[in-house]
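Have a look at run-v2.pdb below; it lists PDB, C-alpha atoms and all ligand atoms.
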```pdb
ATOM      1  CA  MET A   6       0.000   0.000   0.000
ATOM      2  CA  ALA A   7       2.788   2.412   0.980
ATOM      3  CA  ASP A   8       4.644   1.560  -2.275
ATOM      4  CA  LYS A   9       1.574   2.281  -4.306
ATOM      5  CA  LYS A  10       1.297   5.731  -2.704
ATOM      6  CA  ARG A  11       4.958   6.462  -3.499
ATOM      7  CA  ASP A  12       4.358   5.448  -7.145
ATOM      8  CA  LEU A  13       1.462   7.855  -7.343
ATOM      9  CA  ASP A  14       3.599  10.672  -5.910
ATOM     10  CA  LEU A  15       6.303  10.016  -8.511
ATOM     11  CA  GLU A  16       3.758  10.105 -11.298
ATOM     12  CA  THR A  17       2.509  13.450  -9.998
ATOM     13  CA  ASP A  18       6.084  14.825  -9.996
ATOM     14  CA  VAL A  19       6.712  13.717 -13.572
ATOM     15  CA  GLN A  20       3.432  15.268 -14.687
ATOM     16  CA  THR A  21       4.384  18.580 -13.046
ATOM     17  CA  ASP A  22       7.706  18.627 -14.937
ATOM     18  CA  LEU A  23       5.943  18.054 -18.259
ATOM     19  CA  ASP A  24       3.538  20.877 -17.545
ATOM     20  CA  LYS A  25       6.351  23.401 -17.071
ATOM     21  CA  PRO A  26       8.875  23.537 -19.937
ATOM     22  CA  LYS A  27      11.955  25.712 -19.415
ATOM     23  CA  MET A  28      11.383  29.168 -20.871
ATOM     24  CA  TYR A  29      13.904  31.494 -22.504
ATOM     25  CA  LYS A  30      13.988  35.286 -22.722
ATOM     26  CA  VAL A  31      14.978  36.937 -26.003
ATOM     27  CA  LEU A  32      16.659  40.323 -25.479
ATOM     28  CA  LEU A  33      17.554  42.921 -28.087
ATOM     29  CA  LEU A  34      20.829  44.767 -27.484
ATOM     30  CA  ASN A  35      21.430  48.463 -28.057
ATOM     31  CA  ASP A  36      24.039  49.719 -30.518
ATOM     32  CA  ASP A  37      24.972  53.110 -31.991
ATOM     33  CA  TYR A  38      24.164  52.415 -35.660
ATOM     34  CA  THR A  39      20.827  50.600 -36.058
ATOM     35  CA  THR A  40      18.061  53.131 -36.670
ATOM     36  CA  MET A  41      15.187  53.463 -34.226
ATOM     37  CA  ASP A  42      12.690  52.884 -37.062
ATOM     38  CA  PHE A  43      14.366  49.590 -37.989
ATOM     39  CA  VAL A  44      14.166  48.328 -34.393
ATOM     40  CA  ILE A  45      10.490  49.316 -34.190
ATOM     41  CA  ASP A  46       9.793  47.328 -37.386
ATOM     42  CA  VAL A  47      11.656  44.288 -35.978
ATOM     43  CA  LEU A  48       9.657  44.460 -32.742
ATOM     44  CA  MET A  49       6.377  44.625 -34.651
ATOM     45  CA  ASP A  50       7.180  41.982 -37.280
ATOM     46  CA  ILE A  51       9.212  39.426 -35.309
ATOM     47  CA  PHE A  52       7.993  39.967 -31.743
ATOM     48  CA  ALA A  53       4.353  40.797 -32.602
ATOM     49  CA  LYS A  54       4.287  44.107 -30.698
ATOM     50  CA  ASP A  55       1.819  46.835 -31.629
ATOM     51  CA  GLU A  56       3.293  50.213 -32.594
ATOM     52  CA  VAL A  57       3.012  51.781 -29.121
ATOM     53  CA  GLU A  58       4.592  48.747 -27.412
ATOM     54  CA  ALA A  59       7.341  48.648 -30.038
ATOM     55  CA  ILE A  60       8.232  52.332 -29.569
ATOM     56  CA  ASP A  61       8.270  51.982 -25.745
ATOM     57  CA  LEU A  62      10.425  48.854 -25.910
ATOM     58  CA  MET A  63      12.864  50.347 -28.453
ATOM     59  CA  LEU A  64      13.316  53.403 -26.185
ATOM     60  CA  LYS A  65      13.894  51.116 -23.177
ATOM     61  CA  ILE A  66      16.631  49.234 -25.078
ATOM     62  CA  HIS A  67      18.148  52.547 -26.227
ATOM     63  CA  GLU A  68      18.223  53.897 -22.652
ATOM     64  CA  LYS A  69      19.054  50.763 -20.630
ATOM     65  CA  ASN A  70      21.150  48.925 -23.262
ATOM     66  CA  SER A  71      18.888  45.841 -23.518
ATOM     67  CA  ALA A  72      15.344  44.654 -22.823
ATOM     68  CA  VAL A  73      13.354  41.429 -22.891
ATOM     69  CA  CYS A  74      11.265  41.368 -26.077
ATOM     70  CA  GLY A  75       9.586  37.999 -25.528
ATOM     71  CA  VAL A  76       9.714  34.712 -23.593
ATOM     72  CA  TYR A  77       9.509  31.416 -25.485
ATOM     73  CA  VAL A  78      10.396  27.720 -25.450
ATOM     74  CA  TYR A  79      13.986  27.234 -26.665
ATOM     75  CA  ASP A  80      13.302  26.420 -30.342
ATOM     76  CA  ILE A  81      11.092  29.470 -30.814
ATOM     77  CA  ALA A  82      13.573  31.726 -28.961
ATOM     78  CA  GLU A  83      16.389  30.480 -31.223
ATOM     79  CA  THR A  84      14.254  31.125 -34.329
ATOM     80  CA  LYS A  85      13.568  34.714 -33.185
ATOM     81  CA  VAL A  86      17.312  35.362 -32.786
ATOM     82  CA  ILE A  87      18.019  33.995 -36.279
ATOM     83  CA  GLN A  88      15.199  36.085 -37.775
ATOM     84  CA  VAL A  89      16.631  39.239 -36.145
ATOM     85  CA  GLU A  90      20.162  38.389 -37.373
ATOM     86  CA  ASN A  91      18.991  37.723 -40.946
ATOM     87  CA  ARG A  92      16.897  40.885 -41.121
ATOM     88  CA  ALA A  93      19.725  43.011 -39.652
ATOM     89  CA  ARG A  94      22.321  41.522 -42.012
ATOM     90  CA  LYS A  95      20.119  42.244 -45.065
ATOM     91  CA  SER A  96      19.914  45.915 -44.068
ATOM     92  CA  GLU A  97      23.570  46.042 -42.935
ATOM     93  CA  PHE A  98      22.754  46.944 -39.328
ATOM     94  CA  PRO A  99      24.673  45.459 -36.359
ATOM     95  CA  LEU A 100      21.489  44.776 -34.325
ATOM     96  CA  ARG A 101      21.870  41.689 -32.102
ATOM     97  CA  ALA A 102      19.540  39.499 -30.053
ATOM     98  CA  ILE A 103      20.532  37.087 -27.267
ATOM     99  CA  ILE A 104      18.817  34.310 -25.298
ATOM    100  CA  GLU A 105      18.751  34.046 -21.482
ATOM    101  CA  GLU A 106      17.241  31.165 -19.532
ATOM    102  CA  GLU A 107      14.331  32.199 -17.285
ATOM    103  CA  GLU A 108      14.720  31.453 -13.553
TER     104      GLU A 108
HETATM  105  N1  LIG B 201      20.691  53.361 -30.177
HETATM  106  C1  LIG B 201      20.120  53.369 -31.525
HETATM  107  C2  LIG B 201      20.143  54.792 -32.070
HETATM  108  O1  LIG B 201      20.311  55.751 -31.333
HETATM  109  C3  LIG B 201      18.697  52.833 -31.544
HETATM  110  C4  LIG B 201      18.600  51.402 -31.118
HETATM  111  C5  LIG B 201      17.605  51.009 -30.226
HETATM  112  C6  LIG B 201      19.486  50.449 -31.625
HETATM  113  C7  LIG B 201      17.487  49.673 -29.846
HETATM  114  C8  LIG B 201      19.372  49.092 -31.243
HETATM  115  O2  LIG B 201      18.235  47.407 -30.008
HETATM  116  C9  LIG B 201      18.368  48.726 -30.361
HETATM  117  N2  LIG B 201      19.953  54.919 -33.381
END
```
Mind turning the file's structure into structure tokens?
Amino acid sequence: MADKKRDLDLETDVQTDLDKPKMYKVLLLNDDYTTMDFVIDVLMDIFAKDEVEAIDLMLKIHEKNSAVCGVYVYDIAETKVIQVENRARKSEFPLRAIIEEEE
């Protein structure tokens, strides 16, 4: 009987782990060359921000040097970083995005 209870507890623990995947923050970094308009477009197109959110977030990055633009499972976070890199490279801007694990 006691063993059965322990088995049930273990199953509950496993279930809890599956319910909570690790999440990853994607941050944009400030630089001196990328235009503000370009960053606003990136925030709207890649991070699905509306115009007001995008302007606020761009100004936060400009003033504080970086800001979290979204939180995703790892594969999506990685895709966002690649999309930012590709878009920046095409327009010859040095804009960079990085991933940080959420605590
Ligand atoms: N600092 C840039 C400028 O003054 C604007 C900028 C904002 C660049 C955010 C990158 O992630 C960035 N043109």
Would you compute the box with edges along x, y and z of the file around ligand LIG 201 (chain B), including every atom the file lists for it and 4 Å extra on each side, and give its centre and edge lengths in Å to one decimal, as JSON?
```
{"center_x": 19.1, "center_y": 51.6, "center_z": -31.6, "size_x": 11.2, "size_y": 16.3, "size_z": 11.5}
```
Select the residues contacting ligand LIG 201 (chain B) at a distance of at most 12 Å, based on all atoms listed in the file, then format the selection as a PDB file with C-alpha atoms, in the coordinates of the input.
```pdb
ATOM      1  CA  VAL A  31      14.978  36.937 -26.003  1.00  0.00           C
ATOM      2  CA  LEU A  32      16.659  40.323 -25.479  1.00  0.00           C
ATOM      3  CA  LEU A  33      17.554  42.921 -28.087  1.00  0.00           C
ATOM      4  CA  LEU A  34      20.829  44.767 -27.484  1.00  0.00           C
ATOM      5  CA  ASN A  35      21.430  48.463 -28.057  1.00  0.00           C
ATOM      6  CA  ASP A  36      24.039  49.719 -30.518  1.00  0.00           C
ATOM      7  CA  ASP A  37      24.972  53.110 -31.991  1.00  0.00           C
ATOM      8  CA  TYR A  38      24.164  52.415 -35.660  1.00  0.00           C
ATOM      9  CA  THR A  39      20.827  50.600 -36.058  1.00  0.00           C
ATOM     10  CA  THR A  40      18.061  53.131 -36.670  1.00  0.00           C
ATOM     11  CA  MET A  41      15.187  53.463 -34.226  1.00  0.00           C
ATOM     12  CA  ASP A  42      12.690  52.884 -37.062  1.00  0.00           C
ATOM     13  CA  PHE A  43      14.366  49.590 -37.989  1.00  0.00           C
ATOM     14  CA  VAL A  44      14.166  48.328 -34.393  1.00  0.00           C
ATOM     15  CA  ILE A  45      10.490  49.316 -34.190  1.00  0.00           C
ATOM     16  CA  ASP A  46       9.793  47.328 -37.386  1.00  0.00           C
ATOM     17  CA  VAL A  47      11.656  44.288 -35.978  1.00  0.00           C
ATOM     18  CA  LEU A  48       9.657  44.460 -32.742  1.00  0.00           C
ATOM     19  CA  ALA A  59       7.341  48.648 -30.038  1.00  0.00           C
ATOM     20  CA  ILE A  60       8.232  52.332 -29.569  1.00  0.00           C
ATOM     21  CA  ASP A  61       8.270  51.982 -25.745  1.00  0.00           C
ATOM     22  CA  LEU A  62      10.425  48.854 -25.910  1.00  0.00           C
ATOM     23  CA  MET A  63      12.864  50.347 -28.453  1.00  0.00           C
ATOM     24  CA  LEU A  64      13.316  53.403 -26.185  1.00  0.00           C
ATOM     25  CA  LYS A  65      13.894  51.116 -23.177  1.00  0.00           C
ATOM     26  CA  ILE A  66      16.631  49.234 -25.078  1.00  0.00           C
ATOM     27  CA  HIS A  67      18.148  52.547 -26.227  1.00  0.00           C
ATOM     28  CA  GLU A  68      18.223  53.897 -22.652  1.00  0.00           C
ATOM     29  CA  LYS A  69      19.054  50.763 -20.630  1.00  0.00           C
ATOM     30  CA  ASN A  70      21.150  48.925 -23.262  1.00  0.00           C
ATOM     31  CA  SER A  71      18.888  45.841 -23.518  1.00  0.00           C
ATOM     32  CA  ALA A  72      15.344  44.654 -22.823  1.00  0.00           C
ATOM     33  CA  VAL A  73      13.354  41.429 -22.891  1.00  0.00           C
ATOM     34  CA  CYS A  74      11.265  41.368 -26.077  1.00  0.00           C
ATOM     35  CA  VAL A  89      16.631  39.239 -36.145  1.00  0.00           C
ATOM     36  CA  GLU A  90      20.162  38.389 -37.373  1.00  0.00           C
ATOM     37  CA  ALA A  93      19.725  43.011 -39.652  1.00  0.00           C
ATOM     38  CA  PHE A  98      22.754  46.944 -39.328  1.00  0.00           C
ATOM     39  CA  PRO A  99      24.673  45.459 -36.359  1.00  0.00           C
ATOM     40  CA  LEU A 100      21.489  44.776 -34.325  1.00  0.00           C
ATOM     41  CA  ARG A 101      21.870  41.689 -32.102  1.00  0.00           C
ATOM     42  CA  ALA A 102      19.540  39.499 -30.053  1.00  0.00           C
ATOM     43  CA  ILE A 103      20.532  37.087 -27.267  1.00  0.00           C
TER      44      ILE A 103
END
```
- Item | Which residue of A:Val78, A:Lys54, A:Gln88, A:Met49 approaches A:Lys27 most closely, using all atoms listed in the file |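 Using all atoms listed in the file, the shortest distance to A:Lys27 belongs to A:Val78.
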- Note on the structure: Using all atoms listed in the file, the residue out of A:Asp24, A:Val57, A:Lys30, A:Ile51 with shortest distance to A:Asn91 is A:Ile51
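Distances to A:Lys25 were evaluated for A:Glu107, A:Glu97, A:Glu58, A:Glu83 using all atoms listed in the file, and the minimum falls at A:Glu107.
The closest residue to A:Ile104, picked from A:Asp80, A:Asp50, A:Gly75, A:Tyr29 and counting only C-alpha atoms, is A:Tyr29.
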- Message: Just to confirm, what's the straight-line distance from atom CA of A:Glu105 to atom CA of A:Ile81 in Å (one decimal)?
- Response: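 Computed distance, atom CA of A:Glu105 to atom CA of A:Ile81, equals 12.9 Å.
As for atom CA of A:Arg92 and atom CA of A:Pro26, they are spaced 28.5 Å apart.
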